[in-house]
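> Sharing a structure here in structure tokens format.
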Amino acid sequence: MRASMNWLKRYVDIDMAPEALADALTMAGIPVAAIEKPGREIKGIVTGKIVEISRHPSADKLFVCKVDVGKQILTIITGATNVFSGHIVPVALPDTVLPGGKEIKAVDFRGITSQGMLCSADELGLDAKIISPELREGIYVFPPDTEVGLDVRGPLGLDDVVFEFELTPNRADCFSVLGLAREIAAITGRTLRKPMLSLRETGVGKATDLATIKIADSTLCSRFSARIFQNVKIFPSPLWMQHCLQRAGMRPINNVVDVTNFVMLEMGQPLHAYDYNLLARHELTARRANPGEKITTLDGSKRELTPDILVIADAVQAVGVAGVMGGLATEVTAATQNVLLEAAVFNPANIRRTSRALGLRSEASARYERGVDRASTIKALDRAAKLLEDMGACQVCPGVIDVYPDIAVPTRISFTVDKINRHLGTRIERSTMETILRRLEFEPSVNNNTITVTVPTWRKDVESYFDISEEIARLYGYDKVPATMPEGAMRSGRQGALAVMVDIARDALTAAGFDEII
């Protein structure tokens with residue numbers, strides 16, 4: 001799991017150095033495996049606007065660019081053919097050292113001095129896997145509204161720090177940026193800011209009248225929810241969202257796909273978008289695959305399915321492998337006008353087997369394998385709807401389609417302060433315990449000496465007072481727990497009466513000259 005400092009700061013105020021924050025998280029049981037600073041090697045490269053471009057008078061394959069870098073206009077020679085007047089590009093100033101060690105100097109090109117260099121994505125050290133194909137070749141071109149004279153690390157989203165977490169499988173709640181922010185808020189005592197989910201819902205017709213959702217096997221799908229978006233406009237997502245995705249290792253594609261990926265990483269709930277107009281009878285069913293059924297997935301591969309695999313099917317065919325990958329037949333494209341957005345909860349073991357059987361593993365399947373929060377599907381849909389609505393990308397239809405046959409009931413655990421302290425070997429005050437539990441959103445209530453907590457639905461790993469002890473200890477600080485010797489009554493062991501009689505008989509017979517055969 002990867003999460004950037006700038007993304008985490010959207011939900012909680014952080015004033016600690018990255019290294020100090022990593023140590024605090026690790027000590028609290030959220031281990032940080034690595035800290036990356038993606039823009040650390042980029043210095044002296046700024047945004048510049050090409051105000052004039054012409055062919056070099058003495059070289060057919062070179063161009064002379066006049067580039068405004070804010071404080072001055074530089075003359076720069078380039079051989080790139082993808083830049084034009086008005087483009088905003090990265091400019092390496094003289095004496096700059098590029099990532100990889102290449103030093104830029106003012107150089108004479110057949111009688112004209114080049115006062116720097118225009119940079120490509122590769123020269124900036126950008127990972128080709130997380131940038132769009134059109135930006136991989138030639139000079140990197142920024143959006144036209146990019147300010148001139150800026151350190152390029154800002155517009156590229158590289159003025160950031162990325163944490164790579166090595167999480168244990170039981171902490172599924174931390175496979176989300178919001179879950180990690182919740183932990184940081186609990187550790188530091190800061191307030192967690194959750195996303196606002198108020199919607200205008202200006203679409204025509206109720207969602208429940210526009211589509212039908214069914215669950216044919218509730219052992220494999222425990223909840224299936226959906227929203228419908230009308231008059232969808234496909235365009236690039238905002239730069240801040242693209243940067244969040246890129247720092248997490250994902251490539252931005254378009255606003256609809258990016259929003260589904262963003263919400264999955266933010267809230268831990270995978271989403272999938274279908275072209276509503278391509279769904280037969282506007283119907284979706286979570287069912288087992290038919291024997292010999294085939295599907296072409298989004299990666300272009302045709303796959304044969306077995307009845308052990310859960311699929312999402314319309315009235316005619318399977319349109320997705322549940323929890324793993326969608327189908328190509330209902331893919332959202334530039335021609336899409338209406339979208340049905342799915343948020344579902346699938347059986348973790350089944351998703352693991354399906355992923356292994358098909359040789360397919362995705363960010364979505366990784367989260368389903370660990371288990372997602374059944375109570376949060378509607379929140380995830382509303383978050384995606386809010387983001388798209390705020391972009392002006394669609395009209396959200398009123399209401400949600402929700403099939404939820406077995407409602408999850410939060411776990412309640414009762415304990416006493418003395419019981420926790422005896423288990424930990426501590427003398428933690430009740431008020432301290434209550435504060436820690438409230439920070440973790442466990443909502444304690446006190447009746448005489450007994451504390452009862454309602455465990456949040458996203459904390460499936462907390463099942464008994466032993467787990468509550470662990471939560472209190474890790475937030476209180478393991479370093480504050482005194483070292484004590486374990487106590488217990490001890491007594492020496494002795495042989496039973498039968499064993500004693502056997503030993504006497506063996507000794508007597510051996511003394512009389514008998515041999516013992518084993």
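The way I read the labels, and the way they are meant: chains A, B, ... in the order of the structure tokens, residue 1 as the first residue of every chain, and ligand 1 as the first ligand shown, with later ones counted on from there.
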May I have all residues of segment 422-502 of chain A that DSSP, computed from the backbone, assigns to strand (DSSP E or B), given as a PyMOL selection string?

chain A and resi 444-447+450-454

> What's around segment 345-354 of chain A at 9 Å? Count only C-alpha atoms, leave out sequence neighbours fewer than 5 positions away in its own chain, and write the answer as a VMD selection string.

chain A and resid 218 to 225 269 to 270 308 to 310 321 to 324 359 to 361 365 to 374 377

> So, counting only C-alpha atoms, which residue among A:Pro57, A:His87, A:Gly48, A:Asn231 is closest to Gln72 of chain A?

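So, comparing all the options, the nearest one is A:Gly48.
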
> Go through A:Lys71, A:Arg288, A:Lys294, A:Lys49 one by one, measure the shortest atom-to-atom distance of each to Pro307 of chain A using only C-alpha atoms, and give the residue with the smallest value.

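With only C-alpha atoms as the atom set, the closest residue is A:Arg288.
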
> What lies within 9 Å of Ala186 of chain A using only C-alpha atoms, ignoring chain neighbours under 3 positions off, as an MDAnalysis selection string?

chainID A and resid 181:183 189:192 436:440 475

> Just checking: using only C-alpha atoms, which residue out of A:Asn170, A:Thr96, A:Asn82, A:Thr47 ends up closest to Gly70 of chain A?

A:Thr47

> I want to know what sits within 12 Å of Gly154 of chain A, based on only C-alpha atoms, with residues of the same chain fewer than 3 positions away left out; could you give that as a ChimeraX atom specification?

/A:6,38-39,42-43,45-47,90,142,146-151,157-160,239-240,243

> Deliver the residues from the most recent selection as a file, using N, CA and C atoms, as a CSV table (one decimal), in the first residue's frame.


chain,number,residue,atom,x,y,z
A,6,ASN,N,0.9,14.4,0.8
A,6,ASN,CA,0.0,15.4,0.4
A,6,ASN,C,-1.5,14.9,0.4
A,38,PRO,N,10.0,11.5,-4.5
A,38,PRO,CA,10.1,11.4,-5.9
A,38,PRO,C,10.8,12.6,-6.6
A,39,GLY,N,10.8,13.8,-6.1
A,39,GLY,CA,11.4,14.9,-6.8
A,39,GLY,C,12.7,15.3,-6.2
A,42,ILE,N,15.4,16.5,-8.8
A,42,ILE,CA,15.0,17.5,-9.7
A,42,ILE,C,15.3,18.9,-9.1
A,43,LYS,N,16.3,19.6,-9.6
A,43,LYS,CA,16.6,21.0,-9.1
A,43,LYS,C,17.0,21.8,-10.3
A,45,ILE,N,14.9,23.1,-12.6
A,45,ILE,CA,14.1,22.9,-13.8
A,45,ILE,C,12.8,23.6,-13.5
A,46,VAL,N,12.4,24.5,-14.4
A,46,VAL,CA,11.2,25.4,-14.2
A,46,VAL,C,10.3,25.2,-15.4
A,47,THR,N,9.0,25.7,-15.2
A,47,THR,CA,8.1,25.8,-16.3
A,47,THR,C,8.4,27.0,-17.1
A,90,PRO,N,8.9,21.9,-19.5
A,90,PRO,CA,9.9,21.9,-18.5
A,90,PRO,C,11.2,22.4,-19.1
A,142,PHE,N,2.9,20.6,-20.4
A,142,PHE,CA,2.0,20.9,-19.3
A,142,PHE,C,0.7,21.4,-19.8
A,146,THR,N,-0.9,26.2,-16.8
A,146,THR,CA,0.2,26.1,-15.9
A,146,THR,C,0.9,27.4,-15.8
A,147,GLU,N,1.2,27.9,-14.6
A,147,GLU,CA,1.9,29.1,-14.4
A,147,GLU,C,3.4,29.0,-14.8
A,148,VAL,N,3.9,30.1,-15.4
A,148,VAL,CA,5.3,30.1,-15.9
A,148,VAL,C,6.3,30.5,-14.7
A,149,GLY,N,7.5,29.8,-14.8
A,149,GLY,CA,8.5,30.1,-13.8
A,149,GLY,C,8.5,29.3,-12.5
A,150,LEU,N,7.6,28.3,-12.5
A,150,LEU,CA,7.5,27.5,-11.3
A,150,LEU,C,8.5,26.3,-11.3
A,151,ASP,N,8.9,25.9,-10.1
A,151,ASP,CA,9.7,24.7,-10.0
A,151,ASP,C,8.8,23.6,-10.5
A,157,GLY,N,3.5,17.2,-9.4
A,157,GLY,CA,3.1,16.5,-8.2
A,157,GLY,C,4.3,15.8,-7.5
A,158,LEU,N,5.5,16.2,-7.8
A,158,LEU,CA,6.7,15.6,-7.2
A,158,LEU,C,7.2,16.2,-5.9
A,159,ASP,N,6.5,17.3,-5.5
A,159,ASP,CA,6.9,18.0,-4.2
A,159,ASP,C,6.2,17.3,-3.1
A,160,ASP,N,6.5,16.0,-3.0
A,160,ASP,CA,5.7,15.2,-2.1
A,160,ASP,C,6.6,14.1,-1.5
A,239,LEU,N,-5.8,17.8,-12.0
A,239,LEU,CA,-4.4,17.5,-11.8
A,239,LEU,C,-4.1,16.9,-10.4
A,240,TRP,N,-4.8,17.5,-9.4
A,240,TRP,CA,-4.6,17.0,-8.0
A,240,TRP,C,-4.9,15.5,-7.9
A,243,HIS,N,-2.3,13.4,-9.7
A,243,HIS,CA,-1.1,13.3,-8.9
A,243,HIS,C,-1.2,12.3,-7.7
